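Participant: upload_39.txt is reproduced in full below (compact mmCIF, C-alpha atoms).
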```txt
# COMPACT_ATOMS: atom_id res chain seq x y z
CA ALA G 1 -51.14 -62.44 1.30
CA ASP G 2 -51.46 -59.64 -1.27
CA PHE G 3 -53.90 -57.73 0.86
CA THR G 4 -52.60 -54.39 2.23
CA SER G 5 -54.62 -52.53 4.75
CA ASP G 6 -55.42 -48.85 4.43
CA ARG G 7 -53.23 -48.19 7.45
CA MET G 8 -50.23 -49.84 5.81
CA LYS G 9 -50.85 -47.94 2.58
CA HIS G 10 -50.97 -44.68 4.50
CA HIS G 11 -47.80 -45.58 6.37
CA ASP G 12 -45.98 -46.47 3.15
CA LEU G 13 -47.15 -43.24 1.48
CA ARG G 14 -45.90 -41.20 4.42
CA HIS G 15 -42.45 -42.79 4.09
CA LYS G 16 -42.36 -42.03 0.37
CA ARG G 17 -43.30 -38.43 1.03
CA GLY G 18 -40.51 -38.19 3.63
CA ARG G 19 -37.94 -39.59 1.25
CA LEU G 20 -39.14 -37.25 -1.50
CA LEU G 21 -38.91 -34.25 0.84
CA LEU G 22 -35.37 -35.20 1.89
CA TRP G 23 -34.40 -35.59 -1.75
CA PHE G 24 -35.90 -32.19 -2.58
CA VAL G 25 -34.12 -30.52 0.35
CA GLY G 26 -30.83 -32.16 -0.68
CA VAL G 27 -31.19 -30.97 -4.28
CA ALA G 28 -32.10 -27.46 -3.10
CA ALA G 29 -29.10 -27.38 -0.77
CA VAL G 30 -26.74 -28.50 -3.52
CA ALA G 31 -28.24 -25.99 -5.96
CA GLY G 32 -27.96 -23.21 -3.37
CA GLY G 33 -24.38 -24.10 -2.58
CA LEU G 34 -23.53 -24.24 -6.28
CA TYR G 35 -25.14 -20.84 -6.79
CA LEU G 36 -23.20 -19.29 -3.91
CA LEU G 37 -20.01 -20.83 -5.28
CA LEU G 38 -20.58 -19.57 -8.82
CA ALA G 39 -21.68 -16.18 -7.51
CA GLN G 40 -18.15 -15.81 -6.08
CA PHE G 41 -16.49 -16.64 -9.40
CA MET G 42 -15.03 -13.75 -11.42
CA MET G 43 -15.36 -14.50 -15.11
CA SER G 44 -13.41 -11.39 -16.09
CA LEU G 45 -11.68 -8.44 -14.43
CA GLN G 46 -12.31 -4.73 -14.79
CA VAL G 47 -9.24 -2.77 -13.67
CA THR G 48 -9.55 0.92 -12.80
CA SER G 49 -7.04 3.43 -11.48
CA SER G 50 -6.28 7.14 -11.45
CA ALA G 51 -3.28 6.40 -13.67
CA SER G 52 -3.21 6.93 -17.43
CA SER G 53 -4.69 4.35 -19.78
CA ASP G 54 -1.25 3.04 -20.80
CA ILE G 55 -0.30 2.40 -17.18
CA VAL G 56 -3.70 0.82 -16.44
CA ASN G 57 -3.20 -1.51 -19.41
CA GLY G 58 0.04 -2.64 -17.79
CA TYR G 59 -1.77 -3.26 -14.50
CA THR G 60 -4.43 -5.27 -16.33
CA THR G 61 -1.85 -7.48 -18.04
CA THR G 62 -0.04 -8.16 -14.77
CA ILE G 63 -3.23 -8.94 -12.86
CA ASN G 64 -4.54 -11.24 -15.60
CA THR G 65 -1.22 -13.08 -15.55
CA TYR G 66 -1.55 -13.56 -11.81
CA PHE G 67 -5.01 -15.11 -12.14
CA SER G 68 -4.02 -17.25 -15.12
CA THR G 69 -1.43 -18.98 -12.93
CA ARG G 70 -3.83 -19.20 -9.97
CA PRO G 71 -7.27 -19.91 -11.49
CA ASN G 72 -8.72 -21.04 -8.16
CA GLU G 73 -8.32 -17.48 -6.87
CA ARG G 74 -10.96 -16.32 -9.33
CA PHE G 75 -13.30 -17.43 -6.58
CA LEU G 76 -13.34 -14.34 -4.37
CA PHE G 77 -13.34 -16.36 -1.13
CA ALA G 78 -10.10 -18.06 -2.24
CA LEU G 79 -8.34 -14.86 -3.30
CA ASN G 80 -5.14 -13.99 -1.44
CA GLN G 81 -5.22 -10.21 -1.80
CA GLN G 82 -1.84 -9.72 -0.10
CA ALA G 83 -0.18 -12.14 -2.52
CA LEU G 84 -1.84 -10.32 -5.42
CA LEU G 85 -0.57 -6.97 -4.13
CA GLU G 86 2.98 -8.26 -3.76
CA TYR G 87 2.87 -9.77 -7.26
CA VAL G 88 1.68 -6.48 -8.78
CA ARG G 89 4.32 -4.50 -6.87
CA GLN G 90 7.08 -6.67 -8.32
CA GLN G 91 6.19 -5.28 -11.75
CA HIS G 92 4.83 -1.90 -10.64
CA PRO G 93 6.54 -0.55 -7.47
CA GLU G 94 4.42 2.60 -7.67
CA VAL G 95 1.31 0.64 -6.59
CA LEU G 96 0.20 1.30 -3.02
CA ALA G 97 -2.88 -0.94 -2.82
CA VAL G 98 -5.00 -3.35 -4.86
CA SER G 99 -8.63 -3.93 -3.92
CA VAL G 100 -10.79 -6.64 -5.52
CA THR G 101 -14.58 -6.80 -5.23
CA HIS G 102 -17.15 -8.89 -7.08
CA ARG G 103 -20.44 -7.78 -8.55
CA GLN G 104 -23.52 -9.66 -7.37
CA GLY G 105 -24.86 -12.41 -9.61
CA LEU G 106 -23.67 -15.33 -11.69
CA PHE G 107 -20.74 -15.05 -14.06
CA ARG G 108 -20.12 -11.38 -13.26
CA SER G 109 -16.80 -9.58 -13.57
CA GLY G 110 -14.55 -8.60 -10.70
CA ASP G 111 -13.75 -4.94 -10.04
CA VAL G 112 -10.08 -4.29 -9.35
CA VAL G 113 -9.11 -0.85 -8.04
CA VAL G 114 -5.39 -0.08 -8.16
CA THR G 115 -4.29 2.80 -5.95
CA PRO G 116 -0.90 4.35 -6.86
CA ARG G 117 1.51 5.87 -4.38
CA THR G 118 1.70 9.63 -3.87
CA ALA G 119 5.20 11.04 -4.26
CA ILE G 120 6.35 13.48 -1.57
CA ALA G 121 9.91 13.89 -2.87
CA SER G 122 11.99 13.22 -5.96
CA TRP G 123 15.66 12.29 -6.27
CA THR G 124 17.78 12.39 -9.41
CA ILE G 125 20.92 10.24 -9.53
CA GLY G 126 23.00 9.62 -12.62
CA GLY G 127 20.42 11.33 -14.80
CA GLU G 128 17.63 9.02 -13.62
CA ARG G 129 14.81 10.33 -11.46
CA PHE G 130 12.88 8.30 -8.94
CA TYR G 131 10.29 9.15 -6.33
CA ILE G 132 9.71 8.52 -2.62
CA ASP G 133 6.35 8.22 -0.87
CA GLU G 134 5.41 8.77 2.77
CA ASN G 135 6.15 5.14 3.60
CA GLY G 136 9.70 5.44 2.32
CA ALA G 137 9.08 3.36 -0.82
CA ARG G 138 11.04 4.01 -4.00
CA PHE G 139 9.41 3.97 -7.45
CA ALA G 140 10.10 5.35 -10.92
CA THR G 141 6.62 5.72 -12.45
CA LEU G 142 4.86 8.86 -11.25
CA VAL G 143 1.07 8.97 -11.13
CA GLY G 144 -0.16 12.47 -10.36
CA SER G 145 1.65 15.79 -10.10
CA GLU G 146 5.37 16.25 -9.70
CA PRO G 147 6.34 16.76 -6.04
CA ALA G 148 7.69 20.19 -5.15
CA LEU G 149 10.33 18.69 -2.85
CA ALA G 150 13.56 17.37 -4.36
CA VAL G 151 16.59 15.83 -2.66
CA ASP G 152 19.70 17.97 -3.22
CA ASP G 153 22.57 15.47 -3.18
CA LYS G 154 25.88 17.20 -2.47
CA THR G 155 27.68 14.18 -1.05
CA GLY G 156 29.79 13.66 -4.16
CA ILE G 157 29.52 9.89 -3.66
CA ASP G 158 29.50 7.75 -6.80
CA PRO G 159 25.98 6.30 -7.07
CA SER G 160 27.41 3.07 -8.50
CA SER G 161 29.76 2.50 -5.56
CA ALA G 162 29.12 -0.09 -2.86
CA GLY G 163 28.53 2.68 -0.31
CA ALA G 164 26.13 4.65 -2.50
CA VAL G 165 24.18 7.23 -0.53
CA ALA G 166 20.81 6.27 -2.08
CA SER G 167 20.50 3.06 -0.08
CA SER G 168 17.12 1.57 0.74
CA ARG G 169 17.67 2.63 4.34
CA MET G 170 18.29 6.27 3.37
CA ILE G 171 15.31 6.34 1.02
CA HIS G 172 13.00 4.90 3.67
CA TYR G 173 14.34 7.37 6.22
CA ILE G 174 13.73 10.39 3.98
CA GLY G 175 10.18 9.35 3.16
CA ARG G 176 9.22 8.76 6.78
CA LEU G 177 11.00 11.89 8.08
CA VAL G 178 9.28 14.22 5.60
CA ALA G 179 5.87 12.66 6.24
CA LEU G 180 6.25 12.89 10.02
CA ILE G 181 7.42 16.52 9.89
CA GLN G 182 4.46 17.42 7.71
CA GLN G 183 2.17 15.75 10.21
CA GLN G 184 3.59 18.17 12.80
CA GLY G 185 2.22 21.04 10.71
CA TYR G 186 5.44 22.11 8.98
CA ASN G 187 6.14 22.15 5.26
CA VAL G 188 9.52 20.79 4.16
CA GLU G 189 10.84 23.18 1.55
CA ARG G 190 14.18 21.53 0.75
CA LEU G 191 16.30 18.51 1.61
CA GLU G 192 20.08 18.55 1.34
CA LEU G 193 22.62 15.76 1.71
CA PRO G 194 25.82 17.63 2.65
CA ALA G 195 29.29 16.80 1.36
CA LEU G 196 31.65 14.36 3.05
CA THR G 197 28.91 12.32 4.72
CA SER G 198 26.41 9.67 3.69
CA ARG G 199 24.35 9.64 6.89
CA GLU G 200 23.25 13.23 7.39
CA VAL G 201 20.08 14.81 5.98
CA ASP G 202 19.63 18.56 6.36
CA VAL G 203 16.03 19.76 6.40
CA PHE G 204 14.85 23.26 5.48
CA LEU G 205 11.36 24.22 6.62
CA GLU G 206 9.21 26.74 4.83
CA GLY G 207 9.46 30.14 6.52
CA LYS G 208 12.53 29.18 8.56
CA GLY G 209 15.92 30.50 7.58
CA TYR G 210 18.03 27.78 9.18
CA ARG G 211 18.85 24.17 8.48
CA LEU G 212 18.01 21.24 10.72
CA LYS G 213 20.66 18.54 10.84
CA THR G 214 19.27 15.01 11.13
CA THR G 215 20.83 11.57 10.83
CA VAL G 216 19.73 8.29 9.31
CA ASP G 217 21.11 6.53 12.38
CA ARG G 218 18.16 7.71 14.49
CA ASP G 219 14.49 6.86 14.28
CA PRO G 220 12.74 9.50 12.11
CA ALA G 221 9.79 9.70 14.52
CA GLY G 222 12.02 10.76 17.39
CA GLN G 223 13.78 13.39 15.30
CA ALA G 224 10.48 14.76 13.99
CA ALA G 225 9.32 15.17 17.60
CA ASP G 226 12.59 16.92 18.50
CA ILE G 227 12.22 19.22 15.50
CA ARG G 228 8.73 20.24 16.61
CA ALA G 229 9.99 21.02 20.12
CA ILE G 230 13.05 23.05 19.09
CA VAL G 231 11.24 24.99 16.35
CA ALA G 232 8.48 25.91 18.79
CA TYR G 233 11.12 27.07 21.28
CA LEU G 234 13.00 29.15 18.70
CA ASP G 235 9.77 30.77 17.52
CA ALA G 236 8.77 31.62 21.10
CA GLN G 237 12.19 33.13 21.78
CA GLN G 238 12.29 34.83 18.37
CA LEU G 239 15.69 33.30 17.66
CA GLN G 240 17.14 32.83 14.19
CA PRO G 241 20.15 30.48 14.36
CA GLN G 242 22.35 29.35 11.48
CA TYR G 243 21.52 25.71 12.07
CA VAL G 244 19.90 23.32 14.55
CA ASP G 245 21.31 19.86 15.30
CA VAL G 246 18.81 17.19 16.36
CA ARG G 247 21.02 14.17 15.74
CA VAL G 248 21.25 13.39 19.47
CA SER G 249 18.07 12.10 21.08
CA SER G 250 16.16 14.74 23.12
CA GLN G 251 19.13 17.13 22.93
CA ALA G 252 18.80 19.78 20.24
CA TYR G 253 21.72 22.20 19.70
CA TYR G 254 21.63 25.40 17.73
CA ARG G 255 24.12 28.01 16.68
```
Rewrite the structure of this file - the entire thing - as structure tokens.

Facilitator:
Amino acid sequence: ADFTSDRMKHHDLRHKRGRLLLWFVGVAAVAGGLYLLLAQFMMSLQVTSSASSDIVNGYTTTINTYFSTRPNERFLFALNQQALLEYVRQQHPEVLAVSVTHRQGLFRSGDVVVTPRTAIASWTIGGERFYIDENGARFATLVGSEPALAVDDKTGIDPSSAGAVASSRMIHYIGRLVALIQQQGYNVERLELPALTSREVDVFLEGKGYRLKTTVDRDPAGQAADIRAIVAYLDAQQLQPQYVDVRVSSQAYYR
């Protein structure tokens, strides 16, 4: 009864080898998965930016606070980069983008690159200056050189009133209008908000001696296109009007 044939011994050995191989493959798979998981984990964060060291320190504090409340997002695959960007912008409106990458290997740090906005115009109200970028965003902390373009507010409207001229709509409009005009190949030399209105923006182009009347009630892209058309016409006709009105769609008037 205790006798086992060579064939049975060989069969039993083959089964043991199979089970051992499956166990080895399972362990290797778990180890590989654990390695890939840990390789995505950011032990620390290295924040870099073109801003000054004091401003970068502020970015670092804010970003570390974000990850301390969301530790699972230290795994790069679990990181919500849009949520991180929105969180940083709440504290630092001058931030345009936040990019996070991870160095290869276990327990490596994450590289965070913070890109600040570029100001295309400044606006001073009540002794406080803020800046506007090409997307029409408002921010107070300037990274880089002071923009040459400044908004000349002649409306006379109290900035603390309910109908203050520096509304988010007006700020967005100015940023987009200036950027779109510059894309047409013209340089905006001055912006003026005339008296007795809170909806008109007068644009002065470099090398042109007249003002261009625009309105916040129209899409800035359409008005930028109208400006290109009328300026090209006036240059071709060698005309020098006092002003050009592009507040009506596809109907520019000049005097």

Participant: Record the distance separating CA of Glu146 (chain G) and CA of Gln182 (chain G), expressed in Å with one decimal.

Facilitator: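 Taking CA of Glu146 (chain G) and CA of Gln182 (chain G), their separation equals 17.5 Å.
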
Participant: What does the structure give for the distance between CA of Arg190 (chain G) and CA of Leu149 (chain G), in Å to one decimal?

Facilitator: 6.0 Å

Participant: So, counting only C-alpha atoms, which residue among G:His102, G:Gly110, G:Val56, G:Arg14 is closest to Val88 (chain G)?

Facilitator: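 Of all the options, G:Val56 lies closest to Val88 (chain G).
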
Participant: One number please: CA of Arg255 (chain G) to CA of Tyr210 (chain G), in Å, one decimal.

Facilitator: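 Separation between CA of Arg255 (chain G) and CA of Tyr210 (chain G): 9.7 Å.
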
Participant: For Ser99 (chain G), find every residue with an atom within 9 Å (counting all atoms listed in the file), except residues of its own chain fewer than 4 positions away, and show them as number ranges by chain.

Facilitator: G: 81, 85, 111-115

Participant: So which one's closest to Ser50 (chain G), G:Leu180, G:Val95, G:Ala28, G:Val143? Using only C-alpha atoms, please.

Facilitator: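 Closest residue, counting only C-alpha atoms: G:Val143.
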
Participant: Identify, on the basis of only C-alpha atoms, every residue whose closest approach to Pro93 (chain G) does not exceed 9 Å; exclude the query and any residue fewer than 3 positions from it along the same chain; express the result as a count of residues only.

Facilitator: 11
